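Down below is the structure, laid out as structure tokens.
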Amino acid sequence: MATLRIPDEKRSITDPSKVREYLAENGIEYERWNLSRGLPPDATADQILEAYSAEIAVLKQRGGYTTADVIDVYPHTTGLEEMLAKFSREHWHSEDEVRAILEGRGIFHIHPKPTHDEPMSRCVPVFAIEVEAGDLIRVPAGTWHWFDLCADRRIRAIRLFQDRAGWTPVYTDSGVDQCYQPICLGTSYLPGRTA
């Protein structure tokens, strides 16, 4: 079950209905998937997509997604640091970012954009959703966000795309991502980001 944190308010939300409600109020869709498919730990991407084909079909119809794939990241993944550098800078996409987490954990930081009447500051309120196996999250197109892996640096997830070429990050260069450490469950947020 996802854990939601609002670091600037020094509060966390773990109650499933309250997590879902808070995320919905901020335009983020969240649901839980039953992962009991009997897949072996070394299941291929094709086996995973076949096992979850019914759920993927529902999502495709609901969101206009045309393709799905599986991302499988381990601490020893070639190019991991370069990959994480792309994800961990604040950005947005012209299409939704959809992830159904099958293994591992990660943390999405969401940076709600200020209204046109509010001044943009470097460190405006941000909330973070730590996702784990069984969590499905949809971050809508245009949402400012970034993503980090948790300390085990492991994640396997089904991704869905509206464009078969996949999404491209558009970096905001706001610097807000530098104000929050990528810390997962059981730890608190501290000012400043560590390298």
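Letters A, B, ... go to the chains of the structure tokens in the order shown; residues in each chain start at 1; ligands are counted from 1 in the same order.
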Shell of 10 Å around Glu9 of chain A, only C-alpha atoms, local chain residues under 2 positions omitted, as a PyMOL selection string = chain A and resi 5-7+11-12+125-127
Residues within 12 Å of Gln61 of chain A, only C-alpha atoms, excluding chain neighbours under 6 positions, as a ChimeraX atom specification | /A:54-55,67,160-162
Segment 28-168 of chain A: residues DSSP assigns to strand (DSSP E or B), reported as JSON, numbers by chain = {"A": [29, 30, 31, 32, 67, 68, 69, 70, 71, 72, 73, 91, 92, 97, 98, 99, 100, 101, 102, 103, 104, 105, 106, 107, 108, 109, 110, 127, 128, 129, 130, 131, 132, 135, 136, 137, 138, 139, 145, 146, 147, 148, 149, 155, 156, 157, 158, 159, 160, 161]}
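Ranking A:Glu29, A:Gly134, A:His91, A:Ile107 by their shortest atom-to-atom distance to Leu59 of chain A, with only C-alpha atoms included, puts A:Glu29 first.
Rounded to one decimal, atom CA of Cys150 of chain A and atom CA of Ile110 of chain A lie 16.2 Å from each other.
Of the listed residues (A:Gln47, A:Lys18, A:Thr77, A:Arg159), A:Arg159 comes nearest to Lys60 of chain A; the distances count only C-alpha atoms.
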What gap, in Å, lies between atom CA of Cys184 of chain A and atom CA of Val131 of chain A?
-> 9.4 Å
Pick out the residues sitting within 10 Å of Thr14 of chain A, and hand them over as a PyMOL selection string; count only C-alpha atoms, and ignore anything fewer than 3 positions along from it in its own chain.
-> chain A and resi 1-5+17-20
Using only C-alpha atoms, which of A:Tyr52, A:Tyr180, A:Trp167, A:Trp92 sits nearest Gly142 of chain A?
-> A:Trp92
Taking only segment 24-173 of chain A into account, list the residues labelled helix (DSSP H, G or I) by DSSP (computed from the backbone), as a tab-separated table (two decimals) with C-alpha atoms, in the first residue's frame.
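Saved result, result_23.tsv, follows:
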chain	number	residue	atom	x	y	z
A	24	ALA	CA	-7.58	12.13	-6.38
A	25	GLU	CA	-7.94	15.71	-5.11
A	45	ALA	CA	8.22	-9.25	-19.99
A	46	ASP	CA	5.97	-11.19	-22.38
A	47	GLN	CA	4.85	-13.55	-19.59
A	48	ILE	CA	4.08	-10.59	-17.33
A	49	LEU	CA	2.11	-8.74	-20.01
A	50	GLU	CA	0.12	-11.89	-20.78
A	51	ALA	CA	-0.62	-12.54	-17.09
A	53	SER	CA	-3.55	-8.66	-20.08
A	54	ALA	CA	-7.09	-8.18	-18.72
A	55	GLU	CA	-6.04	-5.30	-16.45
A	56	ILE	CA	-3.93	-3.76	-19.22
A	57	ALA	CA	-6.88	-3.94	-21.64
A	58	VAL	CA	-9.08	-2.05	-19.16
A	59	LEU	CA	-6.44	0.64	-18.70
A	60	LYS	CA	-5.89	0.95	-22.45
A	61	GLN	CA	-9.58	1.51	-23.03
A	62	ARG	CA	-9.92	3.92	-20.11
A	63	GLY	CA	-6.88	6.06	-20.94
A	80	LEU	CA	21.28	2.83	-14.02
A	81	GLU	CA	22.83	6.12	-12.88
A	82	GLU	CA	22.09	7.79	-16.23
A	83	MET	CA	18.53	6.44	-16.16
A	84	LEU	CA	17.94	7.68	-12.62
A	85	ALA	CA	19.41	11.08	-13.51
A	86	LYS	CA	16.68	11.43	-16.17
A	87	PHE	CA	13.89	10.45	-13.79
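Every protein, DNA or RNA residue with an atom at most 8 Å from Ala133 of chain A, where only C-alpha atoms count and chain neighbours fewer than 4 positions away do not, is listed here: Met1, Leu35, Ala100, Ile101, Leu102, Glu103, Gly104 and Arg105 of chain A.
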Quick one: write out the picked residues with N, CA and C atoms as a PDB file, in the first residue's frame?
ATOM      1  N   MET A   1       0.841  -1.184   0.000  1.00  0.00           N
ATOM      2  CA  MET A   1       0.000   0.000   0.000  1.00  0.00           C
ATOM      3  C   MET A   1       0.874   1.232   0.000  1.00  0.00           C
ATOM      4  N   LEU A  35      -1.724  -9.196  -7.203  1.00  0.00           N
ATOM      5  CA  LEU A  35      -0.564  -9.696  -7.952  1.00  0.00           C
ATOM      6  C   LEU A  35      -0.431 -11.213  -7.948  1.00  0.00           C
ATOM      7  N   ALA A 100       2.277   0.243 -12.999  1.00  0.00           N
ATOM      8  CA  ALA A 100       1.740  -0.798 -12.126  1.00  0.00           C
ATOM      9  C   ALA A 100       2.956  -1.502 -11.539  1.00  0.00           C
ATOM     10  N   ILE A 101       3.196  -1.305 -10.262  1.00  0.00           N
ATOM     11  CA  ILE A 101       4.403  -1.814  -9.615  1.00  0.00           C
ATOM     12  C   ILE A 101       4.227  -3.295  -9.282  1.00  0.00           C
ATOM     13  N   LEU A 102       5.161  -4.109  -9.762  1.00  0.00           N
ATOM     14  CA  LEU A 102       5.124  -5.551  -9.538  1.00  0.00           C
ATOM     15  C   LEU A 102       6.131  -5.994  -8.481  1.00  0.00           C
ATOM     16  N   GLU A 103       7.267  -5.321  -8.424  1.00  0.00           N
ATOM     17  CA  GLU A 103       8.312  -5.621  -7.436  1.00  0.00           C
ATOM     18  C   GLU A 103       9.050  -4.333  -7.113  1.00  0.00           C
ATOM     19  N   GLY A 104       9.620  -4.283  -5.907  1.00  0.00           N
ATOM     20  CA  GLY A 104      10.449  -3.152  -5.520  1.00  0.00           C
ATOM     21  C   GLY A 104       9.625  -1.969  -5.043  1.00  0.00           C
ATOM     22  N   ARG A 105      10.339  -0.856  -4.853  1.00  0.00           N
ATOM     23  CA  ARG A 105       9.693   0.362  -4.354  1.00  0.00           C
ATOM     24  C   ARG A 105      10.343   1.583  -4.987  1.00  0.00           C
TER      25      ARG A 105
END
The residue from A:Phe108, A:Tyr22, A:Tyr171, A:Tyr74 with the smallest atom-to-atom distance to Phe147 of chain A, counting only C-alpha atoms, is A:Phe108
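In this structure, atom CA of Tyr30 of chain A sits 18.7 Å away from atom CA of Val70 of chain A.
Counting only C-alpha atoms and comparing A:Pro182, A:Asp96, A:Glu21, A:Ala157, the residue that lies closest to Glu130 of chain A is A:Pro182.
Using only C-alpha atoms, the smallest distance between any of A:Val170, A:Ala128, A:Ile155, A:Ile28 and Val98 of chain A comes from A:Ile28.
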